[in-house]
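Contents: one structure, followed by commentary.
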Amino acid sequence: MNLQEVPTETAALAVLAACNQEVRKVGETPVLLAPQGFQSINLEKLLPAPTRKRGTVVLNDAESFIAVVNDQKTEATRMFSTVNPPTFTAVFNGVAAEAGWGDHLAKYNAPLSPEWKIWTAIDGKAMGQVEVAQFLEANLVDVLHVPESDPDKGLMQSPDGSTLLEVCRTLEATKKVDFKSSVRLGDGSTQFTYNEDVQGSAKAGTLSVPEHFTIAVPVFENGDKWPLLVRFRYRIDSGVLKIWFELVRPHKIIEVAVKELREQIAKETALQVLNGALASASSY
């Protein structure tokens with residue numbers, strides 16, 4: 001017989017004492033002391049329902065987020081929001097008048113719309129004529145016609161979709177010409193001159209491109225559309241025309257869109273939206 005396998009009388013009494021422990025409560029949570037090392041075992045999982053709320057629900061639109069917040073909010077609820085990236089977080093059991101665990105939350109990460117992602121992805125990206133034309137043709141539905149400048153709304157006069165479609169066709173038709181120079185016209189557009197080889201002879205031609213145009217796209221999924229000015233930029237390199245789009249201050253549009261969302265959420269939940277990020281639950 002291996003004497004090391006025989007428990008001493010003291011050890012045996014300790015094990016016996018542990019086995020005869022009654023279920024105790026810490027708050028509303030039942031706890032049992034187990035024999036091995038006298039560890040505590042949480043028996044909450046055996047109850048019909050948890051002793052308190054915990055967990056995080058992630059919502060995909062503002063309306064759903066507002067609905068959950070209104071359903072779960074208490075006097076201890078605190079709301080946090082950031083701009084970059086756009087996020088909203090409601091902590092239902094955070095630090096308020098009393099300490100809280102900060103592990104019962106609702107989050108709305110305000111996902112950017114597909115249209116916003118498409119346009120911001122080509123911001124500053126130099127493209128060939130055909131690539132520019134194809135992109136514009138595919139996204140003409142986003143073009144906003146502004147007949148006259150509207151300073152109150154921050155809008156400049158901008159061409160409509162049909163004008164840009166004509167530019168697209170011209171760009172595609174002149175893809176094999178030799179561009180020479182450009183000049184700014186009185187109406188703000190840019191006129192390019194080029195030579196085209198026609199049956200061995202150089203034929204001169206011109207191409208006019210507007211200085212800018214306006215698009216109207218939602219910043220967030222299922223959100224309102226926001227006007228955004230887009231400038232044409234170009235470079236002639238060894239007879240080849242390179243064009244790219246420059247979005248004018250898109251980050252300011254996001255800031256304003258987040259501000260409006262904060263106002264909407266604050267109004268519909270009757271909660272103050274705090275400008276900042278949520279600390280980790282472990283810091284509570």
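Ordering of the structure tokens sets the chain letters (A, B, ...); residue numbers start at 1 within each chain; ligands are numbered from 1 in the order shown.
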Taking 5 positions as the minimum chain separation for residues in the same chain, which residues sit within 7 Å of segment 95-109 of chain A when counting only C-alpha atoms? Answer as a ChimeraX atom specification. /A:53-62,65,76,86-90,281,284
Please produce a file of the residues just selected, as a CSV table (one decimal), in the first residue's frame, where the atoms kept are all heavy atoms.
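The file below, out27.csv, is the result:
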chain,number,residue,atom,x,y,z
A,53,LYS,N,-28.9,41.3,-14.6
A,53,LYS,CA,-28.8,41.4,-16.0
A,53,LYS,C,-27.3,41.7,-16.4
A,53,LYS,O,-26.6,42.4,-15.7
A,53,LYS,CB,-29.6,42.6,-16.6
A,53,LYS,CG,-31.1,42.4,-16.4
A,53,LYS,CD,-31.9,43.7,-16.9
A,53,LYS,CE,-33.4,43.5,-16.8
A,53,LYS,NZ,-34.1,44.7,-17.3
A,54,ARG,N,-26.9,41.1,-17.4
A,54,ARG,CA,-25.5,41.3,-17.9
A,54,ARG,C,-25.5,40.9,-19.4
A,54,ARG,O,-26.4,40.3,-20.0
A,54,ARG,CB,-24.5,40.5,-17.2
A,54,ARG,CG,-24.7,39.0,-17.3
A,54,ARG,CD,-23.6,38.2,-16.6
A,54,ARG,NE,-23.6,38.3,-15.2
A,54,ARG,CZ,-24.2,37.5,-14.3
A,54,ARG,NH1,-25.0,36.5,-14.8
A,54,ARG,NH2,-24.2,37.7,-13.0
A,55,GLY,N,-24.4,41.3,-20.1
A,55,GLY,CA,-24.3,41.0,-21.5
A,55,GLY,C,-24.4,42.2,-22.4
A,55,GLY,O,-24.8,43.3,-21.9
A,56,THR,N,-24.1,42.1,-23.7
A,56,THR,CA,-24.1,43.2,-24.6
A,56,THR,C,-24.9,42.9,-25.8
A,56,THR,O,-24.7,41.8,-26.4
A,56,THR,CB,-22.6,43.6,-25.1
A,56,THR,OG1,-21.8,43.9,-23.9
A,56,THR,CG2,-22.6,44.7,-26.0
A,57,VAL,N,-25.8,43.8,-26.2
A,57,VAL,CA,-26.6,43.6,-27.4
A,57,VAL,C,-26.1,44.7,-28.4
A,57,VAL,O,-25.9,45.8,-28.1
A,57,VAL,CB,-28.1,43.8,-27.1
A,57,VAL,CG1,-28.4,45.1,-26.5
A,57,VAL,CG2,-28.9,43.6,-28.4
A,58,VAL,N,-25.9,44.2,-29.7
A,58,VAL,CA,-25.4,45.1,-30.7
A,58,VAL,C,-26.5,45.4,-31.7
A,58,VAL,O,-27.0,44.4,-32.3
A,58,VAL,CB,-24.2,44.5,-31.4
A,58,VAL,CG1,-23.7,45.5,-32.5
A,58,VAL,CG2,-23.0,44.3,-30.4
A,59,LEU,N,-26.8,46.6,-31.9
A,59,LEU,CA,-27.9,47.0,-32.8
A,59,LEU,C,-27.4,47.6,-34.1
A,59,LEU,O,-26.3,48.1,-34.2
A,59,LEU,CB,-28.8,48.1,-32.2
A,59,LEU,CG,-29.7,47.6,-31.0
A,59,LEU,CD1,-30.4,46.3,-31.2
A,59,LEU,CD2,-28.9,47.5,-29.7
A,60,ASN,N,-28.2,47.5,-35.2
A,60,ASN,CA,-27.7,47.9,-36.5
A,60,ASN,C,-28.3,49.2,-37.0
A,60,ASN,O,-28.0,49.7,-38.1
A,60,ASN,CB,-28.1,46.8,-37.6
A,60,ASN,CG,-27.3,45.5,-37.3
A,60,ASN,OD1,-26.1,45.6,-36.8
A,60,ASN,ND2,-27.9,44.4,-37.6
A,61,ASP,N,-29.3,49.8,-36.2
A,61,ASP,CA,-29.7,51.1,-36.6
A,61,ASP,C,-30.1,51.9,-35.4
A,61,ASP,O,-30.3,51.3,-34.3
A,61,ASP,CB,-30.9,51.0,-37.6
A,61,ASP,CG,-32.1,50.2,-37.1
A,61,ASP,OD1,-32.5,50.5,-36.0
A,61,ASP,OD2,-32.5,49.3,-37.8
A,62,ALA,N,-30.3,53.2,-35.5
A,62,ALA,CA,-30.6,54.1,-34.4
A,62,ALA,C,-31.9,53.8,-33.7
A,62,ALA,O,-32.0,53.8,-32.5
A,62,ALA,CB,-30.5,55.5,-34.8
A,65,PHE,N,-31.6,50.8,-31.5
A,65,PHE,CA,-30.8,51.1,-30.3
A,65,PHE,C,-31.7,51.9,-29.3
A,65,PHE,O,-31.7,51.6,-28.1
A,65,PHE,CB,-29.6,52.0,-30.8
A,65,PHE,CG,-28.7,52.4,-29.6
A,65,PHE,CD1,-27.9,51.6,-29.0
A,65,PHE,CD2,-28.7,53.8,-29.3
A,65,PHE,CE1,-27.1,52.0,-27.9
A,65,PHE,CE2,-27.9,54.2,-28.2
A,65,PHE,CZ,-27.1,53.3,-27.6
A,76,ALA,N,-29.3,54.5,-13.3
A,76,ALA,CA,-27.9,54.2,-13.3
A,76,ALA,C,-27.3,54.2,-14.8
A,76,ALA,O,-26.2,54.0,-15.0
A,76,ALA,CB,-27.5,52.9,-12.7
A,86,PRO,N,-17.7,56.4,-35.5
A,86,PRO,CA,-19.0,56.8,-34.9
A,86,PRO,C,-19.6,55.6,-34.1
A,86,PRO,O,-19.9,54.5,-34.6
A,86,PRO,CB,-19.9,57.1,-36.1
A,86,PRO,CG,-18.9,57.2,-37.3
A,86,PRO,CD,-17.8,56.3,-37.0
A,87,THR,N,-19.7,55.8,-32.8
A,87,THR,CA,-20.2,54.7,-31.9
A,87,THR,C,-21.1,55.3,-30.9
A,87,THR,O,-21.0,56.5,-30.5
A,87,THR,CB,-19.1,54.0,-31.2
A,87,THR,OG1,-18.4,54.9,-30.3
A,87,THR,CG2,-18.1,53.4,-32.1
A,88,PHE,N,-22.1,54.5,-30.4
A,88,PHE,CA,-23.0,54.9,-29.3
A,88,PHE,C,-23.0,53.6,-28.4
A,88,PHE,O,-23.3,52.5,-28.8
A,88,PHE,CB,-24.4,55.2,-29.8
A,88,PHE,CG,-24.4,56.5,-30.6
A,88,PHE,CD1,-24.1,56.5,-32.0
A,88,PHE,CD2,-24.7,57.7,-30.0
A,88,PHE,CE1,-24.1,57.6,-32.7
A,88,PHE,CE2,-24.8,58.9,-30.7
A,88,PHE,CZ,-24.5,58.8,-32.1
A,89,THR,N,-22.8,53.9,-27.1
A,89,THR,CA,-22.9,52.8,-26.1
A,89,THR,C,-23.7,53.2,-24.9
A,89,THR,O,-23.4,54.2,-24.3
A,89,THR,CB,-21.4,52.4,-25.6
A,89,THR,OG1,-20.6,52.1,-26.8
A,89,THR,CG2,-21.5,51.2,-24.7
A,90,ALA,N,-24.7,52.4,-24.5
A,90,ALA,CA,-25.4,52.6,-23.3
A,90,ALA,C,-25.0,51.6,-22.3
A,90,ALA,O,-25.0,50.4,-22.6
A,90,ALA,CB,-26.9,52.5,-23.6
A,281,ALA,N,-15.0,46.9,-18.7
A,281,ALA,CA,-15.8,46.5,-17.6
A,281,ALA,C,-14.9,46.2,-16.4
A,281,ALA,O,-15.3,46.4,-15.3
A,281,ALA,CB,-16.7,45.3,-17.9
A,284,TYR,N,-14.2,48.8,-13.6
A,284,TYR,CA,-15.3,49.3,-12.7
A,284,TYR,C,-15.1,48.7,-11.3
A,284,TYR,O,-14.5,47.6,-11.2
A,284,TYR,CB,-16.7,48.8,-13.2
A,284,TYR,CG,-17.2,49.7,-14.3
A,284,TYR,CD1,-16.9,49.5,-15.6
A,284,TYR,CD2,-18.0,50.9,-13.9
A,284,TYR,CE1,-17.4,50.3,-16.6
A,284,TYR,CE2,-18.5,51.7,-14.9
A,284,TYR,CZ,-18.2,51.4,-16.3
A,284,TYR,OH,-18.6,52.3,-17.2
Residues within 12 Å of Lys259 of chain A, please, as a VMD selection string. Count only C-alpha atoms; anything in the same chain fewer than 6 positions from it doesn't count. chain A and resid 81 to 83 86 to 88 252 to 253 265 to 266 273 to 275
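Residue nearest Asp71 of chain A, chosen from A:Ala110, A:Phe135, A:Lys267, A:Phe92 and counting only C-alpha atoms: A:Phe92.
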Select from segment 44-144 of chain A everything DSSP, run on the backbone, classes as alpha helix (DSSP H), then give the selection as a ChimeraX atom specification. /A:62-72,114-121,129-138
Shell of 12 Å around segment 171-175 of chain A, only C-alpha atoms, local chain residues under 4 positions omitted, as a ChimeraX atom specification: /A:127-137,164-167,179,192-197,203-209,239-243
Restricted to N, CA, C and O atoms, what would the selected residues look like written as a short mmCIF file (atom, residue, chain, number, x, y, z; two decimals), in the first residue's frame?
data_model
loop_
_atom_site.label_atom_id
_atom_site.label_comp_id
_atom_site.auth_asym_id
_atom_site.auth_seq_id
_atom_site.Cartn_x
_atom_site.Cartn_y
_atom_site.Cartn_z
N MET A 127 -6.96 57.99 -61.66
CA MET A 127 -7.52 56.97 -62.54
C MET A 127 -7.39 57.40 -64.00
O MET A 127 -7.23 58.59 -64.30
N GLY A 128 -7.46 56.43 -64.89
CA GLY A 128 -7.48 56.72 -66.30
C GLY A 128 -8.85 57.20 -66.74
O GLY A 128 -9.83 57.12 -65.99
N GLN A 129 -8.95 57.67 -67.97
CA GLN A 129 -10.21 58.23 -68.46
C GLN A 129 -11.35 57.22 -68.43
O GLN A 129 -12.45 57.53 -67.98
N VAL A 130 -11.09 56.02 -68.91
CA VAL A 130 -12.14 55.01 -68.97
C VAL A 130 -12.58 54.62 -67.57
O VAL A 130 -13.79 54.46 -67.30
N GLU A 131 -11.65 54.49 -66.64
CA GLU A 131 -11.98 54.13 -65.27
C GLU A 131 -12.85 55.20 -64.61
O GLU A 131 -13.82 54.89 -63.91
N VAL A 132 -12.49 56.47 -64.85
CA VAL A 132 -13.29 57.58 -64.31
C VAL A 132 -14.69 57.55 -64.90
O VAL A 132 -15.70 57.71 -64.19
N ALA A 133 -14.78 57.37 -66.22
CA ALA A 133 -16.07 57.35 -66.89
C ALA A 133 -16.95 56.21 -66.37
O ALA A 133 -18.14 56.40 -66.10
N GLN A 134 -16.37 55.03 -66.21
CA GLN A 134 -17.13 53.89 -65.73
C GLN A 134 -17.62 54.10 -64.30
O GLN A 134 -18.75 53.73 -63.94
N PHE A 135 -16.76 54.71 -63.48
CA PHE A 135 -17.17 54.97 -62.10
C PHE A 135 -18.34 55.96 -62.06
O PHE A 135 -19.32 55.74 -61.33
N LEU A 136 -18.25 57.04 -62.82
CA LEU A 136 -19.32 58.03 -62.83
C LEU A 136 -20.62 57.44 -63.36
O LEU A 136 -21.71 57.69 -62.82
N GLU A 137 -20.52 56.66 -64.41
CA GLU A 137 -21.73 56.05 -64.97
C GLU A 137 -22.41 55.14 -63.96
O GLU A 137 -23.65 55.09 -63.88
N LEU A 164 -22.79 65.17 -66.61
CA LEU A 164 -21.67 64.29 -66.28
C LEU A 164 -21.66 63.05 -67.16
O LEU A 164 -20.59 62.52 -67.49
N LEU A 165 -22.83 62.58 -67.56
CA LEU A 165 -22.90 61.43 -68.46
C LEU A 165 -22.26 61.78 -69.80
O LEU A 165 -21.55 60.95 -70.39
N GLU A 166 -22.49 62.98 -70.27
CA GLU A 166 -21.87 63.42 -71.52
C GLU A 166 -20.36 63.50 -71.38
O GLU A 166 -19.60 63.15 -72.29
N VAL A 167 -19.89 63.96 -70.22
CA VAL A 167 -18.45 63.98 -69.95
C VAL A 167 -17.89 62.56 -70.00
O VAL A 167 -16.81 62.32 -70.55
N PHE A 179 -2.96 64.22 -75.16
CA PHE A 179 -3.34 65.48 -74.53
C PHE A 179 -2.14 66.42 -74.48
O PHE A 179 -1.01 66.01 -74.19
N PHE A 192 -9.46 70.82 -71.98
CA PHE A 192 -8.22 70.16 -72.38
C PHE A 192 -8.13 70.15 -73.91
O PHE A 192 -9.13 69.96 -74.61
N THR A 193 -6.93 70.37 -74.41
CA THR A 193 -6.69 70.25 -75.86
C THR A 193 -5.89 68.98 -76.12
O THR A 193 -5.03 68.59 -75.32
N TYR A 194 -6.17 68.35 -77.26
CA TYR A 194 -5.50 67.10 -77.57
C TYR A 194 -5.36 66.96 -79.08
O TYR A 194 -6.03 67.63 -79.87
N ASN A 195 -4.47 66.08 -79.48
CA ASN A 195 -4.29 65.70 -80.89
C ASN A 195 -4.68 64.23 -81.05
O ASN A 195 -4.29 63.39 -80.25
N GLU A 196 -5.44 63.99 -82.09
CA GLU A 196 -5.88 62.63 -82.37
C GLU A 196 -5.34 62.22 -83.74
O GLU A 196 -5.45 62.98 -84.71
N ASP A 197 -4.76 61.06 -83.80
CA ASP A 197 -4.21 60.55 -85.06
C ASP A 197 -5.34 59.97 -85.90
O ASP A 197 -5.92 58.93 -85.56
N LYS A 203 -5.32 65.46 -85.69
CA LYS A 203 -6.53 66.27 -85.65
C LYS A 203 -6.70 66.84 -84.25
O LYS A 203 -6.74 66.10 -83.27
N ALA A 204 -6.78 68.17 -84.15
CA ALA A 204 -6.91 68.82 -82.85
C ALA A 204 -8.34 68.70 -82.32
O ALA A 204 -9.31 68.67 -83.09
N GLY A 205 -8.47 68.64 -81.00
CA GLY A 205 -9.79 68.57 -80.38
C GLY A 205 -9.74 69.12 -78.97
O GLY A 205 -8.67 69.42 -78.43
N THR A 206 -10.91 69.29 -78.37
CA THR A 206 -10.99 69.80 -77.00
C THR A 206 -11.94 68.93 -76.17
O THR A 206 -12.84 68.29 -76.71
N LEU A 207 -11.71 68.94 -74.88
CA LEU A 207 -12.54 68.21 -73.92
C LEU A 207 -12.76 69.11 -72.71
O LEU A 207 -11.79 69.60 -72.12
N SER A 208 -14.01 69.35 -72.35
CA SER A 208 -14.33 70.20 -71.21
C SER A 208 -14.83 69.34 -70.04
O SER A 208 -15.67 68.47 -70.23
N VAL A 209 -14.28 69.62 -68.87
CA VAL A 209 -14.64 68.90 -67.65
C VAL A 209 -15.02 69.93 -66.59
O VAL A 209 -14.28 70.90 -66.37
N GLY A 239 1.33 63.17 -72.33
CA GLY A 239 0.18 63.05 -73.22
C GLY A 239 -0.97 62.24 -72.67
O GLY A 239 -2.02 62.13 -73.30
N VAL A 240 -0.78 61.66 -71.47
CA VAL A 240 -1.83 60.84 -70.85
C VAL A 240 -2.53 61.66 -69.77
O VAL A 240 -1.88 62.26 -68.91
N LEU A 241 -3.85 61.67 -69.82
CA LEU A 241 -4.65 62.42 -68.85
C LEU A 241 -5.01 61.53 -67.67
O LEU A 241 -5.63 60.49 -67.83
N LYS A 242 -4.61 61.97 -66.48
CA LYS A 242 -4.97 61.29 -65.25
C LYS A 242 -5.93 62.18 -64.47
O LYS A 242 -5.67 63.37 -64.30
N ILE A 243 -7.03 61.59 -64.00
CA ILE A 243 -8.05 62.35 -63.28
C ILE A 243 -8.33 61.67 -61.95
O ILE A 243 -8.29 60.44 -61.85
#
Can you build me a table of segment 76-176 of chain A residues sitting at most 8 Å from segment 222-238 of chain A, with the closest atom pair per residue and its distance in Å to one decimal, using only C-alpha atoms, sorted by chain and residue number, as a Markdown table?
| residue | atom | partner | partner_atom | distance |
| --- | --- | --- | --- | --- |
| A:Ser113 | CA | A:Asn222 | CA | 7.4 |
| A:Leu144 | CA | A:Pro227 | CA | 7.6 |
| A:Leu155 | CA | A:Pro227 | CA | 7.9 |
Distance in Å - atom CA of Pro210 of chain A versus atom CA of Cys168 of chain A: 11.6 Å
Between atom CA of Arg184 of chain A and atom CA of Val217 of chain A, what is the distance in Å, rounded to a tenth? 28.8 Å
